[in-house]
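Below is one structure; the comments refer to it alone.
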Amino acid sequence: MASVAAWLPFARAAAIGWVPIATHPLPPPPIPKDRRKADDEKLLINVSGRRFETWRNTLEKYPDTLLGSNEREFFYDEESKEYFFDRDPDIFRHILNYYRTGKLHYPKHECLTSYDEELAFFGILPDVIGDCCYEDYRDRKRENAERLMDDKLSENGDQNLQQLLDIRQKMWRAFQNPHISTAALVFYYVTGFFIAVSVLANVVETVPCGNRPGRAGTLSCGERYKIVFFCLDTACVMIFTAEYLLRLFAAPSRCKFARSVMSIIDVVAILPYYIGLGITDNDDVSGAFVTLRVFRVFRIFKFSRHSQGLRILGYTLKSCASELGFLVFSLAMAIIIFATVMFYAEKNVDGTNFTSIPSAFWYTIVTMTTLG
């Protein structure tokens with residue numbers, strides 16, 4: 001039994017497949033599939049003593065910039081085998097990340113003028129700043145320009161600069177950045193309050209508030225308290241009209257302002273009220289006015305002036321307009337194809353609802369967007 005016990009550990013080792021390491025060396029390390037091409041190489045970039053390493057192909061993704069073009073060879077040091085730039089290394093790391101990720105970010109703690117100078121030196125346009133930072137960059141740019149203008153005016157006392165800072169420019173600055181003065185901030189919150197009241201009243205006036213006296217049917221709150229809702233709508237429209245006229249007066253370019261999306265929304269939001277004042281009690285004309293009242297719902301888009309998130313969403317949709325257009329085009333093609341299939345499949349069936357290809361559009365759209 002003693003001999004069996006002595007050999008038992010070796011039997012267990014054999015059972016689990018143990019063998020000496022010397023007879024079975026470790027396998028070679030795996031070769032990564034995304035190995036760099038032979039023509040790629042690491043580049044060493046020295047920015048005021050701080051060294052950065054990156055790949056040549058990373059920089060050459062943007063050939064219109066300094067680092068991505070052959071112009072960088074003017075800064076190559078043969079002795080140290082590196083590119084030397086006497087620039088700001090703290091800002092350069094954001095520039096290098098743009099080459100790596102394709103996204104340019106704005107560091108809030110850096111000086112705006114220095115940031116713009118570094119971008120200009122390396123040949124990068126500020127237009128490529130990401131949506132997450134573009135709003136802050138634009139606000140900082142506007143505040144910096146206004147501060148420089150005020151400083152120049154106070155130092156030189158130039159009469160021409162004094163004429164530029166007239167009442168129109170001060171009003172426009174207050175509209176664009178309401179936090180510069182108490183009066184502008186109060187006007188900002190008052191208009192936001194009336195936008196919310198107008199949208200809420202537009203919803204509440206459709207709620208049933210009892211039966212019609214002497215006949216069947218329900219009476220909406222808008223019909224039962226007609227005078228109250230009319231006065232409330234009048235107050236809101238007066239505020240919106242005053243805001244639109246003041247913005248039009250203060251705009252640097254009135255034609256450009258009148259053609260802007262927000263200006264069109266302002267006009268559409270208040271126009272049904274003034275049209276209703278001139279419409280008589282004719283049933284046909286009144287029916288057309290009821291249709292126009294639907295446009296009052298566009299007042300909700302006025303919230304975009306009070307929400308940074310909505311403005312960022314607008315910039316995002318604008319930058320992706322071509323991709324969204326392709327998506328709509330693809331959906332339209334699919335709808336036509338499947339509607340055609342449904343029409344010819346049901347063509348000879350009695351009592352079918354698919355009497356034509358356009359009549360099958362609705363079924364196809366609902367099926368694609370809901371059931372899948």
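Here, A, B, ... name the chains of the structure tokens in the order displayed, residue numbers run from 1 inside each chain, and ligands are numbered from 1 in the same displayed order.
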Exercise for review: Please identify all polymer residues within 8 Å of Ile312 in chain A, counting only C-alpha atoms, omitting same-chain residues fewer than 4 positions from it, and present them as a list of chain:residue names.
Suggested key: A:Asp131, A:Cys132, A:Glu135, A:Gln308, A:Thr316
Okay, now the selection with N, CA, C and O atoms, as a compact mmCIF listing (two decimals), in the first residue's frame?
```txt
# COMPACT_ATOMS: atom_id res chain seq x y z
N ASP A 131 -20.37 68.69 -32.59
CA ASP A 131 -21.62 69.29 -32.12
C ASP A 131 -21.64 69.46 -30.60
O ASP A 131 -22.28 70.37 -30.09
N CYS A 132 -20.93 68.60 -29.88
CA CYS A 132 -20.94 68.69 -28.42
C CYS A 132 -20.22 69.93 -27.92
O CYS A 132 -20.49 70.38 -26.79
N GLU A 135 -21.45 74.73 -29.74
CA GLU A 135 -22.27 75.77 -29.12
C GLU A 135 -21.43 76.59 -28.14
O GLU A 135 -21.50 77.83 -28.13
N GLN A 308 -30.55 74.90 -25.35
CA GLN A 308 -29.30 74.61 -26.06
C GLN A 308 -29.35 73.22 -26.68
O GLN A 308 -28.81 72.99 -27.76
N THR A 316 -27.21 68.97 -35.63
CA THR A 316 -26.93 67.58 -35.98
C THR A 316 -27.75 67.14 -37.18
O THR A 316 -27.24 66.49 -38.11
```
Practice item. List every residue of range 113-248 of chain A that DSSP, applied to the backbone of this structure, places in alpha helix (DSSP H), and write the result as a PyMOL selection string. Key: chain A and resi 113-121+131-156+159-164+167-176+182-204+221-224+226-248
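Closest approach to Cys133 in chain A among A:Leu104, A:Val207, A:Leu271, A:Leu67: A:Leu104, based on only C-alpha atoms.
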Point to revise | Residues near Tyr62 in chain A, cut-off 12 Å, only C-alpha atoms, skip fewer than 4 positions along chain, as a PyMOL selection string | key: chain A and resi 56-58+66-70+95-96+98-102+122-125
Could you take the residues named above and write them with N, CA, C and O atoms, as a PDB file, in the first residue's frame?
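Writing done, so here's out-v3.pdb:
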```pdb
ATOM      1  N   ARG A  56       2.069  57.557 -39.561  1.00  0.00           N
ATOM      2  CA  ARG A  56       2.043  58.428 -40.742  1.00  0.00           C
ATOM      3  C   ARG A  56       0.650  58.416 -41.393  1.00  0.00           C
ATOM      4  O   ARG A  56       0.129  59.459 -41.787  1.00  0.00           O
ATOM      5  N   ASN A  57       0.040  57.222 -41.510  1.00  0.00           N
ATOM      6  CA  ASN A  57      -1.287  57.139 -42.130  1.00  0.00           C
ATOM      7  C   ASN A  57      -2.342  57.881 -41.334  1.00  0.00           C
ATOM      8  O   ASN A  57      -3.343  58.347 -41.883  1.00  0.00           O
ATOM      9  N   THR A  58      -2.164  57.991 -40.014  1.00  0.00           N
ATOM     10  CA  THR A  58      -3.107  58.757 -39.195  1.00  0.00           C
ATOM     11  C   THR A  58      -3.113  60.221 -39.603  1.00  0.00           C
ATOM     12  O   THR A  58      -4.179  60.855 -39.687  1.00  0.00           O
ATOM     13  N   LEU A  66      -1.614  70.890 -42.297  1.00  0.00           N
ATOM     14  CA  LEU A  66      -0.151  70.960 -42.279  1.00  0.00           C
ATOM     15  C   LEU A  66       0.474  69.597 -42.022  1.00  0.00           C
ATOM     16  O   LEU A  66       1.372  69.163 -42.755  1.00  0.00           O
ATOM     17  N   LEU A  67       0.006  68.901 -40.995  1.00  0.00           N
ATOM     18  CA  LEU A  67       0.604  67.608 -40.654  1.00  0.00           C
ATOM     19  C   LEU A  67       0.277  66.529 -41.682  1.00  0.00           C
ATOM     20  O   LEU A  67       1.030  65.568 -41.821  1.00  0.00           O
ATOM     21  N   GLY A  68      -0.821  66.657 -42.376  1.00  0.00           N
ATOM     22  CA  GLY A  68      -1.203  65.650 -43.346  1.00  0.00           C
ATOM     23  C   GLY A  68      -0.606  65.844 -44.726  1.00  0.00           C
ATOM     24  O   GLY A  68      -0.767  64.992 -45.593  1.00  0.00           O
ATOM     25  N   SER A  69       0.085  66.949 -44.944  1.00  0.00           N
ATOM     26  CA  SER A  69       0.671  67.231 -46.253  1.00  0.00           C
ATOM     27  C   SER A  69       2.196  67.155 -46.172  1.00  0.00           C
ATOM     28  O   SER A  69       2.791  66.951 -45.109  1.00  0.00           O
ATOM     29  N   ASN A  70       2.848  67.357 -47.315  1.00  0.00           N
ATOM     30  CA  ASN A  70       4.310  67.317 -47.362  1.00  0.00           C
ATOM     31  C   ASN A  70       4.955  68.549 -46.738  1.00  0.00           C
ATOM     32  O   ASN A  70       6.181  68.583 -46.574  1.00  0.00           O
ATOM     33  N   ILE A  95      -5.489  68.711 -31.063  1.00  0.00           N
ATOM     34  CA  ILE A  95      -5.340  68.673 -32.524  1.00  0.00           C
ATOM     35  C   ILE A  95      -4.955  67.269 -32.976  1.00  0.00           C
ATOM     36  O   ILE A  95      -5.487  66.743 -33.974  1.00  0.00           O
ATOM     37  N   LEU A  96      -4.059  66.620 -32.243  1.00  0.00           N
ATOM     38  CA  LEU A  96      -3.652  65.262 -32.612  1.00  0.00           C
ATOM     39  C   LEU A  96      -4.805  64.277 -32.447  1.00  0.00           C
ATOM     40  O   LEU A  96      -4.943  63.333 -33.244  1.00  0.00           O
ATOM     41  N   TYR A  98      -7.810  64.941 -33.084  1.00  0.00           N
ATOM     42  CA  TYR A  98      -8.649  65.127 -34.277  1.00  0.00           C
ATOM     43  C   TYR A  98      -8.174  64.211 -35.403  1.00  0.00           C
ATOM     44  O   TYR A  98      -8.986  63.611 -36.119  1.00  0.00           O
ATOM     45  N   TYR A  99      -6.867  64.084 -35.570  1.00  0.00           N
ATOM     46  CA  TYR A  99      -6.342  63.174 -36.597  1.00  0.00           C
ATOM     47  C   TYR A  99      -6.654  61.718 -36.246  1.00  0.00           C
ATOM     48  O   TYR A  99      -6.896  60.900 -37.126  1.00  0.00           O
ATOM     49  N   ARG A 100      -6.651  61.389 -34.968  1.00  0.00           N
ATOM     50  CA  ARG A 100      -6.874  59.997 -34.567  1.00  0.00           C
ATOM     51  C   ARG A 100      -8.340  59.587 -34.658  1.00  0.00           C
ATOM     52  O   ARG A 100      -8.666  58.492 -35.105  1.00  0.00           O
ATOM     53  N   THR A 101      -9.223  60.466 -34.200  1.00  0.00           N
ATOM     54  CA  THR A 101     -10.638  60.107 -34.078  1.00  0.00           C
ATOM     55  C   THR A 101     -11.538  60.775 -35.098  1.00  0.00           C
ATOM     56  O   THR A 101     -12.682  60.351 -35.263  1.00  0.00           O
ATOM     57  N   GLY A 102     -11.054  61.832 -35.751  1.00  0.00           N
ATOM     58  CA  GLY A 102     -11.906  62.551 -36.692  1.00  0.00           C
ATOM     59  C   GLY A 102     -12.849  63.530 -36.013  1.00  0.00           C
ATOM     60  O   GLY A 102     -13.720  64.094 -36.672  1.00  0.00           O
ATOM     61  N   PHE A 122      -1.956  74.959 -37.984  1.00  0.00           N
ATOM     62  CA  PHE A 122      -1.967  73.585 -38.497  1.00  0.00           C
ATOM     63  C   PHE A 122      -2.979  73.384 -39.631  1.00  0.00           C
ATOM     64  O   PHE A 122      -3.174  72.252 -40.078  1.00  0.00           O
ATOM     65  N   GLY A 123      -3.633  74.448 -40.080  1.00  0.00           N
ATOM     66  CA  GLY A 123      -4.495  74.369 -41.256  1.00  0.00           C
ATOM     67  C   GLY A 123      -5.808  73.649 -41.028  1.00  0.00           C
ATOM     68  O   GLY A 123      -6.317  72.985 -41.931  1.00  0.00           O
ATOM     69  N   ILE A 124      -6.377  73.775 -39.814  1.00  0.00           N
ATOM     70  CA  ILE A 124      -7.635  73.117 -39.485  1.00  0.00           C
ATOM     71  C   ILE A 124      -8.710  74.186 -39.321  1.00  0.00           C
ATOM     72  O   ILE A 124      -8.515  75.165 -38.592  1.00  0.00           O
ATOM     73  N   LEU A 125      -9.847  74.009 -39.991  1.00  0.00           N
ATOM     74  CA  LEU A 125     -10.934  74.967 -39.912  1.00  0.00           C
ATOM     75  C   LEU A 125     -11.768  74.733 -38.650  1.00  0.00           C
ATOM     76  O   LEU A 125     -12.034  73.588 -38.279  1.00  0.00           O
TER      77      LEU A 125
END
```
